[in-house]
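J.: Below is start-v4.cif; it holds mmCIF, C-alpha atoms and all ligand atoms.
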data_target
loop_
_atom_site.label_atom_id
_atom_site.label_comp_id
_atom_site.auth_asym_id
_atom_site.auth_seq_id
_atom_site.Cartn_x
_atom_site.Cartn_y
_atom_site.Cartn_z
CA MET G 288 -26.21 -39.81 10.28
CA ASN G 289 -26.18 -42.19 7.36
CA GLY G 290 -23.28 -40.54 5.54
CA GLN G 291 -25.43 -39.09 2.76
CA VAL G 292 -24.53 -35.66 1.41
CA PRO G 293 -27.22 -33.12 2.49
CA GLU G 294 -27.40 -31.47 -0.95
CA PHE G 295 -28.23 -34.79 -2.61
CA SER G 296 -30.82 -35.50 0.04
CA ALA G 297 -32.56 -32.17 -0.68
CA LEU G 298 -32.45 -32.82 -4.45
CA ARG G 299 -33.90 -36.29 -3.86
CA GLN G 300 -36.83 -34.95 -1.84
CA GLN G 301 -37.48 -32.37 -4.55
CA MET G 302 -37.39 -35.12 -7.21
CA VAL G 303 -39.94 -37.17 -5.25
CA ARG G 304 -42.27 -34.17 -4.86
CA GLN G 305 -42.07 -32.89 -8.42
CA GLN G 306 -41.36 -35.85 -10.68
CA ILE G 307 -42.84 -38.76 -8.72
CA ALA G 308 -45.70 -37.66 -6.45
CA GLY G 309 -46.31 -34.68 -8.76
CA ARG G 310 -47.02 -37.05 -11.64
CA GLY G 311 -49.46 -39.24 -9.80
CA ILE G 312 -47.41 -41.95 -8.06
CA VAL G 313 -49.35 -42.57 -4.85
CA ASP G 314 -47.89 -45.82 -3.44
CA GLN G 315 -46.39 -44.74 -0.11
CA ARG G 316 -43.79 -47.52 -0.16
CA VAL G 317 -42.57 -46.43 -3.59
CA LEU G 318 -42.43 -42.75 -2.57
CA GLU G 319 -40.42 -43.66 0.54
CA ALA G 320 -38.03 -45.89 -1.42
CA MET G 321 -37.44 -43.21 -4.05
CA GLY G 322 -36.78 -40.75 -1.22
CA ARG G 323 -34.25 -43.06 0.37
CA VAL G 324 -32.14 -44.64 -2.39
CA PRO G 325 -29.09 -42.47 -3.20
CA ARG G 326 -29.37 -42.22 -6.98
CA GLU G 327 -26.05 -40.34 -7.07
CA SER G 328 -24.35 -43.68 -6.20
CA PHE G 329 -25.70 -45.24 -9.42
CA VAL G 330 -24.73 -42.68 -12.05
CA PRO G 331 -21.24 -42.19 -13.56
CA GLU G 332 -19.08 -39.83 -11.52
CA HIS G 333 -19.02 -37.08 -14.17
CA LEU G 334 -22.84 -37.02 -14.17
CA VAL G 335 -23.57 -36.91 -10.41
CA SER G 336 -24.74 -33.29 -10.70
CA GLU G 337 -27.54 -34.63 -12.95
CA ALA G 338 -28.45 -37.59 -10.72
CA TYR G 339 -31.88 -36.15 -9.85
CA GLU G 340 -32.81 -34.77 -13.27
CA ASP G 341 -35.95 -35.91 -15.06
CA TYR G 342 -34.32 -38.06 -17.76
CA PRO G 343 -32.30 -41.26 -18.29
CA LEU G 344 -28.49 -40.99 -18.13
CA PRO G 345 -25.82 -43.03 -19.95
CA ILE G 346 -24.05 -45.67 -17.82
CA GLY G 347 -21.69 -47.07 -20.47
CA CYS G 348 -21.90 -50.00 -22.93
CA GLY G 349 -24.65 -48.09 -24.81
CA GLN G 350 -27.06 -48.52 -21.86
CA THR G 351 -28.87 -46.08 -19.56
CA ILE G 352 -30.16 -45.72 -16.02
CA SER G 353 -33.92 -45.21 -16.45
CA GLN G 354 -35.68 -41.90 -15.74
CA PRO G 355 -36.68 -41.79 -12.03
CA TYR G 356 -40.42 -41.56 -12.85
CA VAL G 357 -40.28 -44.73 -14.96
CA VAL G 358 -38.61 -46.67 -12.13
CA ALA G 359 -41.30 -45.44 -9.72
CA LEU G 360 -44.13 -46.29 -12.13
CA MET G 361 -42.86 -49.84 -12.66
CA ALA G 362 -42.40 -50.32 -8.91
CA GLN G 363 -45.94 -49.06 -8.26
CA LEU G 364 -47.38 -51.46 -10.88
CA LEU G 365 -45.78 -54.38 -9.00
CA ALA G 366 -47.98 -53.43 -5.99
CA LEU G 367 -45.43 -54.65 -3.46
CA LYS G 368 -46.35 -54.80 0.22
CA GLY G 369 -42.97 -55.80 1.66
CA ARG G 370 -42.94 -59.62 1.87
CA GLU G 371 -42.33 -60.39 -1.83
CA ARG G 372 -39.61 -62.10 -3.82
CA VAL G 373 -38.85 -59.99 -6.88
CA LEU G 374 -36.87 -60.61 -10.06
CA ASP G 375 -35.32 -57.54 -11.73
CA ILE G 376 -34.16 -58.05 -15.33
CA GLY G 377 -31.63 -55.62 -16.80
CA THR G 378 -29.71 -54.56 -13.68
CA GLY G 379 -27.82 -51.81 -15.54
CA SER G 380 -26.57 -49.45 -12.84
CA GLY G 381 -28.40 -51.38 -10.09
CA TYR G 382 -30.65 -48.40 -9.24
CA ALA G 383 -34.01 -50.07 -9.87
CA ALA G 384 -32.81 -53.18 -7.99
CA ALA G 385 -32.00 -50.94 -5.01
CA VAL G 386 -35.44 -49.29 -5.14
CA LEU G 387 -37.13 -52.70 -5.28
CA ALA G 388 -34.90 -54.01 -2.47
CA SER G 389 -36.04 -51.10 -0.28
CA ILE G 390 -39.61 -52.38 -0.58
CA ALA G 391 -39.57 -56.15 -1.14
CA LEU G 392 -38.17 -58.94 1.03
CA GLU G 393 -35.80 -60.44 -1.56
CA VAL G 394 -34.51 -59.18 -4.90
CA PHE G 395 -32.80 -61.21 -7.60
CA SER G 396 -31.33 -59.30 -10.53
CA ILE G 397 -29.92 -60.37 -13.90
CA GLU G 398 -27.70 -58.33 -16.24
CA ARG G 399 -26.53 -59.53 -19.64
CA VAL G 400 -23.42 -57.33 -20.06
CA PRO G 401 -20.54 -58.44 -17.76
CA GLU G 402 -19.07 -54.91 -17.39
CA LEU G 403 -22.45 -53.60 -16.21
CA ALA G 404 -23.03 -56.55 -13.88
CA GLU G 405 -19.72 -55.67 -12.23
CA LEU G 406 -20.59 -51.95 -12.13
CA ALA G 407 -23.98 -52.72 -10.55
CA LEU G 408 -22.46 -55.02 -7.94
CA GLY G 409 -20.07 -52.24 -6.87
CA ASN G 410 -22.82 -49.58 -6.85
CA LEU G 411 -25.18 -51.78 -4.83
CA GLN G 412 -22.49 -52.58 -2.27
CA ARG G 413 -21.42 -48.96 -1.86
CA ALA G 414 -25.03 -47.84 -1.43
CA GLY G 415 -25.74 -50.54 1.19
CA PHE G 416 -27.78 -53.00 -0.91
CA SER G 417 -25.48 -56.02 -0.82
CA GLN G 418 -28.52 -58.26 -0.08
CA VAL G 419 -29.52 -58.09 -3.80
CA ARG G 420 -28.64 -61.42 -5.44
CA MET G 421 -27.02 -60.83 -8.82
CA ARG G 422 -26.24 -62.95 -11.82
CA CYS G 423 -24.76 -62.18 -15.21
CA GLY G 424 -26.67 -63.86 -18.04
CA ASP G 425 -29.76 -63.88 -20.24
CA GLY G 426 -32.67 -62.57 -18.19
CA THR G 427 -35.25 -63.67 -20.76
CA LEU G 428 -34.79 -67.16 -19.30
CA GLY G 429 -35.63 -65.88 -15.82
CA TRP G 430 -34.03 -67.42 -12.73
CA PRO G 431 -35.73 -70.85 -12.55
CA GLU G 432 -34.01 -72.03 -9.34
CA ALA G 433 -35.29 -68.99 -7.44
CA ALA G 434 -38.83 -68.99 -8.95
CA PRO G 435 -41.69 -68.42 -8.37
CA PHE G 436 -41.59 -64.64 -8.03
CA ASP G 437 -44.33 -62.32 -6.75
CA GLY G 438 -43.02 -59.61 -9.03
CA ILE G 439 -40.86 -59.48 -12.17
CA CYS G 440 -39.64 -56.11 -13.46
CA VAL G 441 -38.06 -55.97 -16.93
CA ALA G 442 -36.08 -52.79 -17.78
CA ALA G 443 -35.59 -53.49 -21.51
CA GLY G 444 -38.07 -53.70 -24.38
CA ALA G 445 -39.18 -57.15 -25.56
CA PRO G 446 -40.77 -58.06 -28.94
CA ALA G 447 -43.35 -60.12 -27.01
CA VAL G 448 -43.96 -61.20 -23.41
CA PRO G 449 -41.56 -64.12 -22.78
CA GLU G 450 -43.53 -67.25 -21.82
CA SER G 451 -40.59 -68.31 -19.60
CA LEU G 452 -41.14 -65.25 -17.38
CA LYS G 453 -44.92 -65.72 -17.15
CA GLN G 454 -44.30 -69.26 -15.97
CA GLN G 455 -42.00 -68.02 -13.19
CA LEU G 456 -44.75 -65.87 -11.62
CA SER G 457 -46.56 -67.03 -8.49
CA VAL G 458 -50.38 -66.97 -8.66
CA GLY G 459 -51.25 -63.32 -7.96
CA GLY G 460 -47.78 -62.25 -9.09
CA ARG G 461 -47.18 -59.44 -11.58
CA LEU G 462 -44.82 -59.02 -14.50
CA VAL G 463 -44.10 -55.46 -15.65
CA ILE G 464 -42.47 -55.29 -19.07
CA PRO G 465 -42.15 -52.92 -22.04
CA VAL G 466 -43.41 -54.72 -25.17
CA GLY G 467 -43.24 -53.59 -28.79
CA SER G 468 -42.76 -55.03 -32.25
CA GLU G 469 -40.24 -52.26 -33.04
CA GLN G 470 -36.97 -51.75 -31.16
CA GLY G 471 -37.00 -48.44 -29.27
CA ALA G 472 -40.79 -47.99 -28.91
CA GLN G 473 -42.94 -50.05 -26.59
CA ARG G 474 -46.10 -50.12 -24.50
CA LEU G 475 -45.68 -50.70 -20.77
CA VAL G 476 -47.59 -53.87 -19.98
CA CYS G 477 -48.49 -55.45 -16.63
CA ILE G 478 -49.33 -59.17 -16.66
CA THR G 479 -51.03 -60.59 -13.55
CA ARG G 480 -51.16 -64.34 -13.04
CA GLN G 481 -54.76 -65.04 -12.03
CA SER G 482 -54.40 -68.82 -11.77
CA ASP G 483 -52.13 -71.53 -13.10
CA ALA G 484 -53.34 -70.97 -16.65
CA ASP G 485 -54.95 -67.47 -16.63
CA PHE G 486 -53.06 -64.24 -17.14
CA GLU G 487 -54.59 -60.76 -17.20
CA ARG G 488 -52.90 -58.08 -19.34
CA GLN G 489 -53.11 -54.32 -18.68
CA ASP G 490 -51.58 -51.57 -20.82
CA PHE G 491 -49.98 -48.43 -19.33
CA GLY G 492 -49.04 -46.48 -22.43
CA ASP G 493 -46.01 -45.57 -24.53
CA VAL G 494 -42.47 -45.99 -23.20
CA ARG G 495 -38.97 -46.10 -24.69
CA PHE G 496 -36.47 -48.68 -23.46
CA VAL G 497 -33.27 -50.20 -24.82
CA PRO G 498 -33.85 -53.63 -26.43
CA LEU G 499 -34.08 -56.82 -24.38
CA VAL G 500 -31.49 -59.03 -26.09
CA GLY G 501 -31.71 -62.78 -25.55
CA GLU G 502 -33.26 -66.11 -26.37
CA HIS G 503 -36.83 -64.86 -25.75
CA GLY G 504 -36.05 -61.26 -26.70
CA TRP G 505 -34.33 -59.60 -29.68
CA SER G 506 -31.47 -61.49 -31.33
N1 LIG G 601 -32.72 -51.04 -14.28
C1 LIG G 601 -31.56 -50.38 -14.85
C2 LIG G 601 -31.82 -49.93 -16.27
C3 LIG G 601 -30.82 -50.51 -17.18
S1 LIG G 601 -31.16 -50.37 -18.91
C4 LIG G 601 -31.11 -49.25 -13.95
O1 LIG G 601 -31.80 -48.94 -12.99
O2 LIG G 601 -30.02 -48.71 -14.17
C5 LIG G 601 -31.53 -52.04 -19.34
C6 LIG G 601 -30.47 -53.06 -19.09
O3 LIG G 601 -30.95 -54.30 -19.60
C7 LIG G 601 -29.13 -52.84 -19.79
O4 LIG G 601 -28.12 -52.80 -18.83
C8 LIG G 601 -28.98 -54.07 -20.71
O5 LIG G 601 -27.65 -54.53 -20.82
C9 LIG G 601 -29.84 -55.08 -20.00
N2 LIG G 601 -30.33 -56.22 -20.80
C10 LIG G 601 -30.73 -56.26 -22.08
N3 LIG G 601 -31.12 -57.50 -22.42
C11 LIG G 601 -30.97 -58.29 -21.30
C12 LIG G 601 -31.19 -59.66 -21.00
N4 LIG G 601 -31.67 -60.53 -21.90
N5 LIG G 601 -30.92 -60.09 -19.75
C13 LIG G 601 -30.44 -59.25 -18.80
N6 LIG G 601 -30.20 -57.95 -19.03
C14 LIG G 601 -30.45 -57.46 -20.27
#
Kindly present the structure from the file in structure tokens form.

T.:
Amino acid sequence: MNGQVPEFSALRQQMVRQQIAGRGIVDQRVLEAMGRVPRESFVPEHLVSEAYEDYPLPIGCGQTISQPYVVALMAQLLALKGRERVLDIGTGSGYAAAVLASIALEVFSIERVPELAELALGNLQRAGFSQVRMRCGDGTLGWPEAAPFDGICVAAGAPAVPESLKQQLSVGGRLVIPVGSEQGAQRLVCITRQSDADFERQDFGDVRFVPLVGEHGWS
């Protein structure tokens, strides 16, 4: 037994079937991770009954834990095989960091708001993901000492793709980031570093994220 409540486990499997696999997520590693990470440990206590619902939930400080499908889609776009070093920007509740840590070898995560960084640290420890390396600060600068990364996942909307993050990708690495010239409406973009100087950009449609606030984000 791993100490998980059976009811939550059943709701989690149902979420994976209906919201994740049911909407076209096919990456087996992502499906397994979403089926394993206890999302109820990452939502505020008064909202645990909604932990597996198909929408974002408030986590305090005006921020949200992303909709499960969006976390799965971003994880799938990173195309992780298990040996990667990944940077997660916008830790929030810590949920996406936990999903990524279930797949990748190493996860580094940056949160701008100190109260949320503390919340995430507690959530990650309680859920058994204390291997995630966390820092409180401006994620638009990346984590230069830990770079390069095989994957970078940004959970807040940027006005443009930060050059600093592109430069912290390994060759073959992918950066998944919501980008839009208006706050609150973005396109989900995946940037793949093809060589030292070449980056390929793919568009995955409309998304809505809270703003990425920082030196290479919104002011
Ligand atoms: N991945 C989170 C989603 C959190 S919402 C989860 O699974 O719960 C996005 C988060 O990005 C918010 O917590 C917000 O405070 C944070 N954020 C915004 N700008 C940031 C920046 N420049 N650096 C780091 N975090 C930032």

J.: Counting all atoms listed in the file, what are the residues, protein, DNA or RNA alike, that approach ligand LIG 601 (chain G) to within 6 Å? I want them as a list in words.

T.: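 So, counting all atoms listed in the file, the residues near ligand LIG 601 (chain G) are Gln350, Thr351, Ile352, Ser353, Ile376, Gly377, Thr378, Gly379, Ser380, Gly381, Tyr382, Ala383, Ile397, Glu398, Arg399, Val400, Gly424, Asp425, Gly426, Thr427, Ala442, Ala443, Pro498, Leu499, Val500 and Gly501 of chain G.
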
J.: With only C-alpha atoms as the counted atoms, please give the residues lying no more than 10 Å from Gln455 of chain G, apart from itself and same-chain residues fewer than 4 positions off, as JSON, numbers by chain.

T.: {"G": [374, 428, 429, 430, 431, 432, 433, 434, 435, 436, 437, 438, 439, 450, 451, 460, 462, 480]}

J.: Have a look at atom CA of Phe295 of chain G and atom CA of Tyr339 of chain G and let me know their distance in Å, one decimal.

T.: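 If I compute the distance from atom CA of Phe295 of chain G to atom CA of Tyr339 of chain G, I get 8.2 Å.
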
J.: At most 6 Å from (-27.1, -62.9, -9.4), file frame, all atoms listed in the file: which residues, as number ranges by chain?

T.: G: 396-397, 420-422

J.: Which residue, G:Leu392, G:Val441, G:Val313, G:Ala447, has the smallest gap to His503 of chain G when you use only C-alpha atoms?

T.: G:Ala447
